[in-house]
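One file, coords.cif, carrying mmCIF, C-alpha atoms:
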```cif
data_run
loop_
_atom_site.label_atom_id
_atom_site.label_comp_id
_atom_site.auth_asym_id
_atom_site.auth_seq_id
_atom_site.Cartn_x
_atom_site.Cartn_y
_atom_site.Cartn_z
CA LEU A 1 51.22 77.84 -28.49
CA GLN A 2 47.79 77.67 -30.14
CA ILE A 3 45.45 78.09 -27.20
CA PHE A 4 42.41 76.52 -28.87
CA GLU A 5 44.51 73.46 -29.65
CA TYR A 6 45.99 73.11 -26.17
CA ASN A 7 43.65 70.39 -24.91
CA GLY A 8 42.22 69.00 -28.19
CA SER A 9 38.54 68.35 -28.85
CA ALA A 10 36.00 67.27 -31.46
CA VAL A 11 32.28 67.97 -31.20
CA VAL A 12 29.42 67.45 -33.65
CA ALA A 13 25.61 67.68 -33.55
CA MET A 14 23.12 66.49 -36.17
CA VAL A 15 19.41 66.91 -36.80
CA GLY A 16 17.14 63.95 -37.49
CA LYS A 17 13.40 63.36 -37.74
CA ASN A 18 12.02 64.77 -34.47
CA CYS A 19 15.30 63.90 -32.80
CA PHE A 20 18.89 65.08 -32.59
CA ALA A 21 22.27 63.55 -31.84
CA ILE A 22 25.24 65.23 -30.20
CA ALA A 23 28.67 63.60 -30.03
CA SER A 24 32.16 64.38 -28.79
CA ASP A 25 35.53 62.73 -28.45
CA ARG A 26 36.90 61.72 -25.03
CA ARG A 27 40.52 62.82 -25.03
CA LEU A 28 41.90 65.33 -22.55
CA GLY A 29 45.44 66.26 -23.51
CA VAL A 30 48.07 68.83 -22.70
CA GLN A 31 49.49 69.53 -26.16
CA LEU A 32 51.11 66.29 -27.29
CA GLN A 33 50.60 64.39 -24.02
CA THR A 34 47.34 62.57 -23.25
CA ILE A 35 46.15 63.02 -19.67
CA ALA A 36 42.82 61.20 -19.70
CA THR A 37 40.59 59.23 -22.07
CA ASP A 38 37.27 59.80 -20.32
CA PHE A 39 36.81 63.56 -20.38
CA GLN A 40 33.19 64.71 -20.45
CA ARG A 41 32.56 67.41 -23.02
CA ILE A 42 28.80 67.05 -23.42
CA SER A 43 26.57 68.26 -20.61
CA LYS A 44 22.84 68.03 -20.12
CA ILE A 45 21.20 71.34 -19.29
CA HIS A 46 17.78 69.72 -19.05
CA ASP A 47 16.09 66.71 -20.64
CA ARG A 48 15.67 68.48 -23.99
CA VAL A 49 18.76 70.70 -24.21
CA PHE A 50 22.38 69.58 -24.40
CA ILE A 51 25.53 71.62 -24.77
CA ALA A 52 28.97 70.40 -25.82
CA LEU A 53 31.94 72.71 -25.39
CA SER A 54 35.17 72.39 -27.34
CA GLY A 55 38.34 74.37 -26.72
CA LEU A 56 40.35 75.07 -23.58
CA ALA A 57 39.28 72.57 -20.90
CA THR A 58 39.45 74.99 -17.97
CA ASP A 59 37.06 77.40 -19.72
CA VAL A 60 34.84 74.45 -20.75
CA GLN A 61 34.47 73.64 -17.04
CA THR A 62 34.05 77.25 -15.89
CA LEU A 63 31.52 78.07 -18.62
CA TYR A 64 29.54 74.90 -17.94
CA GLN A 65 29.28 75.80 -14.24
CA ARG A 66 28.10 79.33 -15.08
CA LEU A 67 25.50 78.04 -17.58
CA VAL A 68 24.07 75.45 -15.19
CA PHE A 69 23.82 78.20 -12.56
CA ARG A 70 21.96 80.53 -14.93
CA HIS A 71 19.61 77.79 -16.07
CA LYS A 72 18.79 76.80 -12.48
CA LEU A 73 17.97 80.45 -11.71
CA TYR A 74 15.77 80.58 -14.81
CA GLN A 75 13.99 77.41 -13.69
CA LEU A 76 13.33 78.93 -10.26
CA ARG A 77 11.98 82.18 -11.68
CA GLU A 78 10.02 80.91 -14.69
CA GLU A 79 9.07 77.49 -13.23
CA ARG A 80 9.89 75.81 -16.53
CA ASP A 81 12.87 74.68 -18.61
CA MET A 82 14.55 76.97 -21.14
CA LYS A 83 13.81 76.55 -24.81
CA PRO A 84 16.89 75.68 -26.86
CA GLU A 85 16.72 78.95 -28.81
CA THR A 86 16.60 80.93 -25.58
CA PHE A 87 19.48 78.95 -24.13
CA ALA A 88 21.56 79.59 -27.23
CA SER A 89 20.93 83.32 -26.86
CA LEU A 90 21.94 83.11 -23.21
CA VAL A 91 25.24 81.39 -24.10
CA SER A 92 25.87 83.96 -26.80
CA ALA A 93 25.28 86.83 -24.35
CA ILE A 94 27.53 85.31 -21.69
CA LEU A 95 30.33 84.81 -24.21
CA TYR A 96 30.04 88.36 -25.58
CA GLU A 97 30.23 89.79 -22.03
CA LYS A 98 33.88 88.70 -22.15
CA ARG A 99 34.44 90.19 -25.62
CA PHE A 100 37.92 91.56 -24.77
CA GLY A 101 39.06 88.63 -22.64
CA PRO A 102 36.99 85.73 -23.95
CA TYR A 103 36.32 82.21 -22.76
CA LEU A 104 38.36 80.11 -25.14
CA CYS A 105 35.56 77.68 -26.02
CA GLN A 106 33.31 77.04 -28.97
CA PRO A 107 29.96 75.66 -27.86
CA VAL A 108 27.63 73.39 -29.82
CA ILE A 109 24.07 73.49 -28.58
CA ALA A 110 21.39 70.96 -29.48
CA GLY A 111 17.82 70.70 -28.25
CA LEU A 112 14.21 69.79 -28.94
CA GLY A 113 12.03 72.88 -29.22
CA GLU A 114 8.29 73.35 -29.45
CA ASP A 115 6.45 70.50 -31.19
CA ASP A 116 9.59 68.37 -30.77
CA LYS A 117 11.33 70.24 -33.56
CA PRO A 118 15.10 69.67 -33.26
CA PHE A 119 17.34 72.73 -32.94
CA ILE A 120 21.12 72.90 -33.32
CA CYS A 121 23.56 75.76 -33.38
CA THR A 122 27.19 76.53 -32.81
CA MET A 123 29.01 79.75 -32.00
CA ASP A 124 32.53 81.07 -31.90
CA SER A 125 34.29 82.04 -28.68
CA ILE A 126 32.69 85.52 -28.61
CA GLY A 127 29.14 84.35 -29.17
CA ALA A 128 28.49 84.67 -32.91
CA LYS A 129 25.62 82.22 -33.40
CA GLU A 130 25.50 79.99 -36.42
CA LEU A 131 22.19 78.16 -36.89
CA ALA A 132 22.04 75.16 -39.19
CA LYS A 133 19.36 72.83 -40.45
CA ASP A 134 21.57 69.77 -40.79
CA PHE A 135 24.74 69.59 -38.69
CA VAL A 136 27.20 71.73 -36.75
CA VAL A 137 30.79 70.96 -35.79
CA SER A 138 33.46 72.40 -33.51
CA GLY A 139 36.95 71.65 -32.19
CA THR A 140 40.39 70.78 -33.51
CA ALA A 141 38.91 68.18 -35.88
CA SER A 142 36.29 70.58 -37.26
CA GLU A 143 37.56 70.61 -40.84
CA SER A 144 37.54 66.83 -41.11
CA LEU A 145 34.14 66.82 -39.41
CA TYR A 146 32.69 69.24 -41.99
CA GLY A 147 33.77 66.93 -44.79
CA ALA A 148 32.59 63.72 -43.15
CA CYS A 149 29.20 65.16 -42.16
CA GLU A 150 28.59 66.69 -45.58
CA ALA A 151 29.23 63.34 -47.20
CA MET A 152 27.31 61.14 -44.76
CA TYR A 153 24.36 63.33 -43.76
CA LYS A 154 20.88 63.03 -45.18
CA PRO A 155 17.75 64.75 -43.86
CA ASP A 156 14.99 63.13 -41.78
CA MET A 157 16.94 60.19 -40.41
CA GLU A 158 15.40 58.19 -37.58
CA ALA A 159 17.20 57.85 -34.25
CA GLU A 160 19.06 54.60 -34.98
CA GLU A 161 20.28 55.67 -38.42
CA LEU A 162 21.22 59.09 -37.03
CA PHE A 163 23.31 57.41 -34.35
CA GLU A 164 25.19 55.35 -36.94
CA THR A 165 25.80 58.37 -39.15
CA ILE A 166 27.04 60.69 -36.43
CA SER A 167 29.25 57.95 -34.95
CA GLN A 168 30.92 57.15 -38.25
CA ALA A 169 31.40 60.85 -39.02
CA LEU A 170 32.98 61.47 -35.61
CA LEU A 171 35.28 58.44 -35.59
CA SER A 172 36.56 58.92 -39.13
CA SER A 173 37.25 62.62 -38.48
CA VAL A 174 39.10 62.22 -35.19
CA ASP A 175 41.30 59.55 -36.76
CA ARG A 176 42.76 62.31 -38.92
CA ASP A 177 43.39 64.60 -35.92
CA CYS A 178 46.14 63.74 -33.47
CA LEU A 179 44.72 65.97 -30.72
CA SER A 180 41.27 64.40 -30.50
CA GLY A 181 39.91 60.88 -30.31
CA TRP A 182 40.41 58.06 -27.81
CA GLY A 183 36.79 56.99 -28.20
CA GLY A 184 33.51 58.81 -28.60
CA HIS A 185 30.52 59.81 -26.52
CA VAL A 186 27.15 60.03 -28.30
CA TYR A 187 23.76 61.17 -27.02
CA VAL A 188 20.70 60.55 -29.23
CA VAL A 189 17.68 62.43 -27.93
CA THR A 190 14.09 61.81 -28.99
CA PRO A 191 10.95 63.26 -27.36
CA THR A 192 10.59 60.10 -25.28
CA GLU A 193 14.11 59.03 -24.35
CA ILE A 194 17.78 59.99 -24.11
CA LYS A 195 20.19 57.29 -25.25
CA GLU A 196 23.81 57.65 -24.20
CA ARG A 197 26.45 55.47 -25.82
CA ILE A 198 30.24 55.22 -25.65
CA LEU A 199 32.07 54.47 -28.90
CA LYS A 200 35.25 52.46 -29.09
CA GLY A 201 37.48 53.90 -31.78
CA ARG A 202 41.18 53.87 -32.48
CA MET A 203 42.87 54.46 -29.13
CA ASP A 204 45.79 56.49 -30.36
CA MET B 1 62.56 69.50 -13.54
CA GLU B 2 60.04 68.93 -10.78
CA CYS B 3 58.56 65.45 -10.83
CA VAL B 4 55.21 64.71 -9.22
CA PHE B 5 53.14 61.60 -9.85
CA GLY B 6 50.49 59.49 -8.17
CA LEU B 7 48.12 56.57 -8.54
CA VAL B 8 45.05 55.02 -6.95
CA GLY B 9 45.12 51.47 -5.61
CA ASP B 10 42.76 49.22 -3.70
CA GLY B 11 41.41 51.50 -0.97
CA PHE B 12 44.38 53.88 -1.00
CA ALA B 13 46.07 56.56 -3.08
CA ILE B 14 49.81 57.15 -3.33
CA VAL B 15 51.61 60.30 -4.43
CA ALA B 16 55.33 60.78 -4.91
CA ALA B 17 57.24 64.00 -5.45
CA ASP B 18 60.86 64.94 -5.88
CA THR B 19 62.38 66.93 -3.03
CA SER B 20 64.77 69.33 -4.73
CA ALA B 21 64.37 73.07 -4.24
CA VAL B 22 66.19 74.51 -7.24
CA HIS B 23 66.89 78.06 -8.36
CA SER B 24 68.43 78.17 -11.84
CA ILE B 25 71.64 76.12 -11.51
CA LEU B 26 71.72 76.11 -7.69
CA VAL B 27 70.16 73.40 -5.54
CA HIS B 28 69.05 75.20 -2.38
CA LYS B 29 68.04 72.02 -0.59
CA ASN B 30 67.28 68.44 -1.53
CA ASN B 31 64.82 67.51 1.22
CA GLU B 32 62.00 69.96 0.46
CA ASP B 33 58.64 68.32 1.16
CA LYS B 34 56.30 69.18 -1.69
CA ILE B 35 53.43 66.99 -0.54
CA MET B 36 51.25 68.86 1.94
CA VAL B 37 48.88 67.07 4.28
CA LEU B 38 45.62 68.94 3.78
CA ASP B 39 43.68 67.30 6.57
CA SER B 40 43.46 63.87 8.15
CA HIS B 41 42.56 62.14 4.86
CA LYS B 42 43.83 64.37 2.06
CA LEU B 43 47.16 65.10 0.43
CA ILE B 44 48.21 67.76 -2.07
CA ALA B 45 51.31 67.11 -4.15
CA ALA B 46 52.17 70.37 -5.85
CA SER B 47 54.75 71.39 -8.42
CA GLY B 48 55.54 74.73 -9.98
CA GLU B 49 56.75 78.20 -9.04
CA PRO B 50 58.10 77.77 -5.46
CA GLY B 51 56.43 80.85 -3.93
CA ASP B 52 53.07 80.11 -5.53
CA ARG B 53 53.32 76.44 -4.58
CA VAL B 54 53.72 77.11 -0.87
CA GLN B 55 51.35 80.08 -0.67
CA PHE B 56 48.56 78.50 -2.68
CA THR B 57 48.66 75.08 -1.00
CA GLU B 58 48.72 76.73 2.45
CA TYR B 59 45.76 78.87 1.39
CA VAL B 60 43.83 75.75 0.35
CA GLN B 61 44.82 73.96 3.59
CA LYS B 62 43.60 76.83 5.77
CA ASN B 63 40.31 77.09 3.89
CA VAL B 64 39.73 73.35 4.19
CA SER B 65 40.33 73.63 7.96
CA LEU B 66 37.99 76.64 8.16
CA TYR B 67 35.20 74.66 6.54
CA GLN B 68 35.70 71.92 9.08
CA PHE B 69 35.62 74.39 11.99
CA ARG B 70 32.52 76.12 10.70
CA ASN B 71 30.53 73.07 9.71
CA GLY B 72 31.79 70.37 12.04
CA ILE B 73 32.46 67.92 9.23
CA PRO B 74 35.39 67.69 6.81
CA LEU B 75 35.14 68.40 3.10
CA THR B 76 35.08 65.42 0.72
CA THR B 77 38.03 65.02 -1.63
CA ALA B 78 35.86 65.96 -4.61
CA ALA B 79 34.67 69.12 -2.86
CA ALA B 80 38.20 70.13 -1.89
CA ALA B 81 39.38 69.51 -5.46
CA ASN B 82 36.55 71.61 -6.88
CA PHE B 83 37.28 74.39 -4.37
CA THR B 84 40.94 74.36 -5.43
CA ARG B 85 39.95 74.48 -9.11
CA GLY B 86 37.61 77.38 -8.41
CA GLU B 87 40.37 79.40 -6.74
CA LEU B 88 42.78 78.72 -9.60
CA ALA B 89 40.11 79.58 -12.20
CA THR B 90 39.20 82.87 -10.48
CA ALA B 91 42.84 83.88 -10.26
CA LEU B 92 43.61 82.74 -13.81
CA ARG B 93 42.65 85.94 -15.59
CA LYS B 94 43.82 88.29 -12.83
CA ASN B 95 46.89 86.99 -11.07
CA PRO B 96 47.48 83.37 -12.04
CA TYR B 97 49.14 80.82 -9.77
CA SER B 98 51.72 78.65 -11.56
CA VAL B 99 51.04 75.51 -9.55
CA ASN B 100 50.15 72.03 -10.80
CA ILE B 101 48.39 69.87 -8.23
CA LEU B 102 47.65 66.21 -7.66
CA MET B 103 45.11 65.91 -4.85
CA ALA B 104 44.76 62.47 -3.25
CA GLY B 105 42.15 61.65 -0.67
CA TYR B 106 40.10 58.97 1.01
CA ASP B 107 36.38 59.27 1.74
CA LYS B 108 34.26 56.60 3.38
CA GLU B 109 31.64 56.61 0.60
CA ALA B 110 33.79 57.30 -2.45
CA GLY B 111 36.90 55.39 -1.41
CA ALA B 112 40.31 56.55 -2.55
CA SER B 113 40.49 59.15 -5.31
CA LEU B 114 43.07 61.20 -7.17
CA TYR B 115 42.40 64.55 -8.84
CA TYR B 116 44.56 66.14 -11.54
CA ILE B 117 44.42 69.96 -11.41
CA ASP B 118 46.75 71.79 -13.71
CA TYR B 119 47.88 75.42 -13.41
CA ILE B 120 45.15 76.72 -15.75
CA ALA B 121 42.51 75.07 -13.55
CA THR B 122 41.68 72.01 -15.61
CA LEU B 123 40.20 69.47 -13.18
CA HIS B 124 39.89 65.75 -13.85
CA LYS B 125 39.48 62.70 -11.66
CA VAL B 126 42.13 60.16 -12.68
CA ASP B 127 43.52 56.76 -11.69
CA LYS B 128 47.07 57.83 -12.39
CA GLY B 129 48.54 61.25 -13.04
CA ALA B 130 51.84 63.06 -13.31
CA PHE B 131 53.33 66.51 -13.90
CA GLY B 132 56.64 67.82 -15.16
CA TYR B 133 59.31 66.33 -17.38
CA GLY B 134 59.21 63.22 -15.19
CA SER B 135 55.65 62.62 -16.43
CA TYR B 136 56.99 61.42 -19.79
CA PHE B 137 58.61 58.49 -17.98
CA SER B 138 56.28 57.91 -15.03
CA LEU B 139 53.04 58.00 -17.04
CA SER B 140 54.32 55.47 -19.56
CA THR B 141 55.65 53.20 -16.83
CA MET B 142 52.33 53.41 -14.98
CA ASP B 143 50.39 52.78 -18.22
CA ARG B 144 52.36 49.56 -18.65
CA HIS B 145 52.17 48.16 -15.10
CA TYR B 146 49.13 49.75 -13.44
CA ARG B 147 46.04 47.74 -12.52
CA SER B 148 43.01 49.14 -10.77
CA ASP B 149 43.19 46.89 -7.68
CA MET B 150 46.86 47.03 -6.73
CA SER B 151 47.95 46.35 -3.19
CA VAL B 152 50.19 48.81 -1.34
CA GLU B 153 53.27 46.63 -1.94
CA GLU B 154 52.58 46.39 -5.67
CA ALA B 155 51.92 50.14 -5.88
CA ILE B 156 55.18 50.96 -4.08
CA GLU B 157 56.99 48.63 -6.51
CA LEU B 158 55.45 50.60 -9.38
CA VAL B 159 56.37 53.93 -7.78
CA ASP B 160 59.95 52.67 -7.41
CA LYS B 161 59.98 51.62 -11.07
CA CYS B 162 58.91 55.14 -12.02
CA ILE B 163 61.56 56.72 -9.81
CA LEU B 164 64.20 54.43 -11.33
CA GLU B 165 63.07 55.39 -14.83
CA ILE B 166 63.21 59.11 -13.99
CA ARG B 167 66.63 58.76 -12.35
CA SER B 168 68.12 56.89 -15.28
CA ARG B 169 66.51 58.71 -18.21
CA LEU B 170 65.98 62.35 -17.20
CA VAL B 171 68.97 64.65 -17.56
CA ILE B 172 69.40 66.56 -14.26
CA ALA B 173 67.09 64.07 -12.59
CA PRO B 174 66.18 64.91 -9.01
CA PRO B 175 68.11 62.64 -6.61
CA ASN B 176 65.57 62.33 -3.80
CA PHE B 177 61.83 61.56 -3.62
CA VAL B 178 59.22 61.46 -0.89
CA ILE B 179 56.29 59.05 -1.06
CA LYS B 180 53.07 59.65 0.88
CA ILE B 181 49.99 57.51 1.12
CA VAL B 182 46.35 58.11 2.09
CA ASP B 183 43.87 55.37 3.02
CA LYS B 184 41.13 54.72 5.54
CA ASP B 185 43.63 55.19 8.36
CA GLY B 186 44.60 58.66 7.18
CA ALA B 187 47.22 60.55 5.24
CA ARG B 188 50.83 59.92 6.19
CA GLU B 189 54.39 59.84 4.97
CA HIS B 190 55.28 56.42 3.68
CA ALA B 191 58.93 56.54 2.67
CA TRP B 192 61.79 58.60 1.30
CA ARG B 193 63.96 57.48 -1.56
CA GLN B 194 67.27 59.26 -1.16
CA SER B 195 70.38 58.91 -3.26
CA VAL B 196 71.95 62.14 -1.98
CA GLN B 197 71.86 63.16 1.69
CA ASP B 198 72.26 66.73 2.94
CA VAL B 199 75.76 66.94 4.37
CA THR B 200 77.82 69.99 5.20
CA THR B 201 81.53 70.32 4.57
CA ALA B 202 82.05 70.68 8.33
CA SER B 203 80.98 67.09 8.90
CA LEU B 204 83.61 65.70 6.50
#
```

Mind converting the file's structure to structure tokens?
Amino acid sequence: LQIFEYNGSAVVAMVGKNCFAIASDRRLGVQLQTIATDFQRISKIHDRVFIALSGLATDVQTLYQRLVFRHKLYQLREERDMKPETFASLVSAILYEKRFGPYLCQPVIAGLGEDDKPFICTMDSIGAKELAKDFVVSGTASESLYGACEAMYKPDMEAEELFETISQALLSSVDRDCLSGWGGHVYVVTPTEIKERILKGRMD
Amino acid sequence: MECVFGLVGDGFAIVAADTSAVHSILVHKNNEDKIMVLDSHKLIAASGEPGDRVQFTEYVQKNVSLYQFRNGIPLTTAAAANFTRGELATALRKNPYSVNILMAGYDKEAGASLYYIDYIATLHKVDKGAFGYGSYFSLSTMDRHYRSDMSVEEAIELVDKCILEIRSRLVIAPPNFVIKIVDKDGAREHAWRQSVQDVTTASL
């Protein structure tokens, strides 16, 4: 029983020109059996910060609830939204609190920072942050995702081209992973709008 | 070999559960009701460790009643499902309950809904769900025949198809099932499907 592969997941985030895209698959499974094909892995923290959690679904839900709670408290105290870098540090701290009994999730965080500069990072289940300038991946399909992103990515893509690139990278990677797939969910965020799209991929 | 499954139809939700209480090779009783009526418009069909099943579902039932006493209005199905998930998630890393739950309910605004909550506190709103070895047969049968606007008669036909499939294809299949329904008129027992009645040797 591989606990990180119990539910199956695939998550990727990419940086573009003053925008970012974050995408996930939609399968919720229990080992080899598929339970649902509309599971939400990406959550909006606020208009400029998104988090996608891969790994064990129960911890994805628990951790998401804790993070929304902490961000709402922050908003009440500071009267503003959290910067993506700050939010990433918060997630890292919350994960490390459970160092010897961790949440079995790997988050991918994406946001627009000061001056609309896109920020992405990922971390392991105990909060080791990994910043990147181009793309970050997570989940059971992560190895395929690394390869697909490396091949398809180029810097400074506009929102539409970024959407195409991240969608193709996600769909081709989950097709090589039996535990993830059943469609895709993509958010492309620019300083002016958030575009949410559902992808139809191989449903198997 | 506990079989629990359910589906949502047009303004109603149906859940069915087997009624065998089994301990290793001994069948204690074959008319054990595993679908608890939570309140006037909610049902919990539970499967898993017998002690945990009864204790945990009673705990949820009493808390749902308490909320209604304190606040004068009943919980929505979504709220009750999230409460249940919260209790399972809190207990998960201390003293886990081994209970899988399908919660069916009817709310005036949201209509009929079905929530899948597994023993590690994964929560998902579904149109059809199932637990146990029987899920391999009932989920596939429901995938083939289910439509989102089924009438009660069509849904009962589908439930009977699933029961037939389980009876014919599962080794040590449970002989008896109970079917309960929840709609705008409330939660109630709909039917039993019995192929073995409880008889004592004295009556022969």

Residues selected by the PyMOL selection byres ((chain A) within 9 of (chain B)), written as a VMD selection string = chain A and resid 28 33 35 to 36 39 56 to 62 101

query = Written as a list in words, which residues does the PyMOL selection byres ((chain B and resi 165) around 12) give for the file shown?
reply =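 Output from the PyMOL selection byres ((chain B and resi 165) around 12), applied to this file: Cys3, Tyr133, Gly134, Ser135, Tyr136, Phe137, Ser138, Leu139, Ser140, Thr141, Met142, Leu158, Val159, Asp160, Lys161, Cys162, Ile163, Leu164, Ile166, Arg167, Ser168, Arg169, Leu170, Val171, Ala173 and Pro174 of chain B.
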
Based on the selection just made, write C-alpha atoms of those residues as a CSV table (one decimal), keeping the file's coordinate frame.
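Wrote it out as selection.csv, contents follow:
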```csv
chain,number,residue,atom,x,y,z
B,3,CYS,CA,58.6,65.4,-10.8
B,133,TYR,CA,59.3,66.3,-17.4
B,134,GLY,CA,59.2,63.2,-15.2
B,135,SER,CA,55.6,62.6,-16.4
B,136,TYR,CA,57.0,61.4,-19.8
B,137,PHE,CA,58.6,58.5,-18.0
B,138,SER,CA,56.3,57.9,-15.0
B,139,LEU,CA,53.0,58.0,-17.0
B,140,SER,CA,54.3,55.5,-19.6
B,141,THR,CA,55.6,53.2,-16.8
B,142,MET,CA,52.3,53.4,-15.0
B,158,LEU,CA,55.4,50.6,-9.4
B,159,VAL,CA,56.4,53.9,-7.8
B,160,ASP,CA,60.0,52.7,-7.4
B,161,LYS,CA,60.0,51.6,-11.1
B,162,CYS,CA,58.9,55.1,-12.0
B,163,ILE,CA,61.6,56.7,-9.8
B,164,LEU,CA,64.2,54.4,-11.3
B,166,ILE,CA,63.2,59.1,-14.0
B,167,ARG,CA,66.6,58.8,-12.4
B,168,SER,CA,68.1,56.9,-15.3
B,169,ARG,CA,66.5,58.7,-18.2
B,170,LEU,CA,66.0,62.4,-17.2
B,171,VAL,CA,69.0,64.6,-17.6
B,173,ALA,CA,67.1,64.1,-12.6
B,174,PRO,CA,66.2,64.9,-9.0
```

query = Using all atoms listed in the file, which of B:Lys42, B:Ala78, B:Gly132, B:Gly48 sits nearest B:Gln61?
reply =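 Residue with the minimum atom-to-atom distance to B:Gln61: B:Lys42.
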
ask   = Residues at most 9 Å from stretch 25-37 of chain B, counting only C-alpha atoms, excluding those fewer than 2 positions away in the same chain, as a ChimeraX atom specification?
value = /B:4,15-23,39-47,53-54,57-58,61,174-180,187-188,194,196-198

For B:Gly51, please output as a PDB file with C-alpha atoms, in the frame of the given file all residues within 10 Å (counting all atoms listed in the file; exclusion window: fewer than 5 positions along the same chain).
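Done, and the output landed in selection36.pdb:
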```
ATOM      1  CA  PHE B  56      48.560  78.500  -2.680  1.00  0.00           C
ATOM      2  CA  TYR B  97      49.140  80.820  -9.770  1.00  0.00           C
ATOM      3  CA  SER B  98      51.720  78.650 -11.560  1.00  0.00           C
ATOM      4  CA  VAL B  99      51.040  75.510  -9.550  1.00  0.00           C
TER       5      VAL B  99
END
```

message = Given the PyMOL selection byres ((chain B and resi 63) around 12) and the file above, list the residues it selects as a list of chain:residue names.
response =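 So the PyMOL selection byres ((chain B and resi 63) around 12) ends up selecting B:Leu38, B:Asp39, B:Phe56, B:Thr57, B:Glu58, B:Tyr59, B:Val60, B:Gln61, B:Lys62, B:Val64, B:Ser65, B:Leu66, B:Tyr67, B:Gln68, B:Phe69, B:Arg70, B:Pro74, B:Leu75, B:Ala79, B:Ala80, B:Phe83, B:Thr84, B:Glu87.
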
Mind writing the picked residues with C-alpha atoms as a PDB file, in the coordinates of the input?
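The resulting file, part_1.pdb, is shown below:
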```pdb
ATOM      1  CA  LEU B  38      45.620  68.940   3.780  1.00  0.00           C
ATOM      2  CA  ASP B  39      43.680  67.300   6.570  1.00  0.00           C
ATOM      3  CA  PHE B  56      48.560  78.500  -2.680  1.00  0.00           C
ATOM      4  CA  THR B  57      48.660  75.080  -1.000  1.00  0.00           C
ATOM      5  CA  GLU B  58      48.720  76.730   2.450  1.00  0.00           C
ATOM      6  CA  TYR B  59      45.760  78.870   1.390  1.00  0.00           C
ATOM      7  CA  VAL B  60      43.830  75.750   0.350  1.00  0.00           C
ATOM      8  CA  GLN B  61      44.820  73.960   3.590  1.00  0.00           C
ATOM      9  CA  LYS B  62      43.600  76.830   5.770  1.00  0.00           C
ATOM     10  CA  VAL B  64      39.730  73.350   4.190  1.00  0.00           C
ATOM     11  CA  SER B  65      40.330  73.630   7.960  1.00  0.00           C
ATOM     12  CA  LEU B  66      37.990  76.640   8.160  1.00  0.00           C
ATOM     13  CA  TYR B  67      35.200  74.660   6.540  1.00  0.00           C
ATOM     14  CA  GLN B  68      35.700  71.920   9.080  1.00  0.00           C
ATOM     15  CA  PHE B  69      35.620  74.390  11.990  1.00  0.00           C
ATOM     16  CA  ARG B  70      32.520  76.120  10.700  1.00  0.00           C
ATOM     17  CA  PRO B  74      35.390  67.690   6.810  1.00  0.00           C
ATOM     18  CA  LEU B  75      35.140  68.400   3.100  1.00  0.00           C
ATOM     19  CA  ALA B  79      34.670  69.120  -2.860  1.00  0.00           C
ATOM     20  CA  ALA B  80      38.200  70.130  -1.890  1.00  0.00           C
ATOM     21  CA  PHE B  83      37.280  74.390  -4.370  1.00  0.00           C
ATOM     22  CA  THR B  84      40.940  74.360  -5.430  1.00  0.00           C
ATOM     23  CA  GLU B  87      40.370  79.400  -6.740  1.00  0.00           C
TER      24      GLU B  87
END
```

inquiry  = Between A:Asp124, A:Asp115, A:Glu143, A:Asp134, which residue has the minimum interatomic distance to A:Arg99, considering all atoms listed in the file?
reply    =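 Comparing A:Asp124, A:Asp115, A:Glu143, A:Asp134 against A:Arg99, the winner is A:Asp124.
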
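Between B:Gly111 and the residues B:Ile181, B:Thr77, B:Phe5, B:Ser148, the shortest atom-to-atom distance, using all atoms listed in the file, involves B:Thr77.
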
query = What is the atom CA of A:Ala88-atom CA of A:Gly113 distance in Å, reported with one decimal?
reply = 11.8 Å

inquiry  = Nearest residue to A:Leu1 out of A:Met123, A:Ala52, A:Leu131, A:Leu32, using only C-alpha atoms?
reply    =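 When distances to A:Leu1 are compared using only C-alpha atoms, the smallest one comes from A:Leu32.
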
key: Length of the atom CA of B:His145 to atom CA of A:Gln40 vector [Å]   =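 Going from atom CA of B:His145 over to atom CA of A:Gln40 covers 25.7 Å.
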
Could you give me, as a short mmCIF file (atom, residue, chain, number, x, y, z; two decimals) with C-alpha atoms, in the coordinates of the input, the residues that sit within 12 Å of (26.9, 84.6, -34.6) in the file's coordinates, counting only C-alpha atoms?
```
data_model
loop_
_atom_site.label_atom_id
_atom_site.label_comp_id
_atom_site.auth_asym_id
_atom_site.auth_seq_id
_atom_site.Cartn_x
_atom_site.Cartn_y
_atom_site.Cartn_z
CA ALA A 88 21.56 79.59 -27.23
CA SER A 89 20.93 83.32 -26.86
CA VAL A 91 25.24 81.39 -24.10
CA SER A 92 25.87 83.96 -26.80
CA ALA A 93 25.28 86.83 -24.35
CA LEU A 95 30.33 84.81 -24.21
CA TYR A 96 30.04 88.36 -25.58
CA GLN A 106 33.31 77.04 -28.97
CA PRO A 107 29.96 75.66 -27.86
CA CYS A 121 23.56 75.76 -33.38
CA THR A 122 27.19 76.53 -32.81
CA MET A 123 29.01 79.75 -32.00
CA ASP A 124 32.53 81.07 -31.90
CA SER A 125 34.29 82.04 -28.68
CA ILE A 126 32.69 85.52 -28.61
CA GLY A 127 29.14 84.35 -29.17
CA ALA A 128 28.49 84.67 -32.91
CA LYS A 129 25.62 82.22 -33.40
CA GLU A 130 25.50 79.99 -36.42
CA LEU A 131 22.19 78.16 -36.89
CA ALA A 132 22.04 75.16 -39.19
#
```

request  = Could you please give me, as a ChimeraX atom specification, the residues of protein, DNA or RNA lying at most 10 Å from (21.4, 73.6, -23.4) in the coordinate frame of the file, considering all atoms listed in the file?
outcome  = /A:42-52,64,67-68,71,81-88,90-91,107-112,120

inquiry  = Residues within 10 Å of A:Ile194, please, as a list in words. Count all atoms listed in the file; anything in the same chain fewer than 5 positions from it doesn't count.
reply    =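 Listing them by chain and then by number gives Cys19, Phe20, Ala21, Asp47, Arg48, Tyr187, Val188 and Val189 of chain A.
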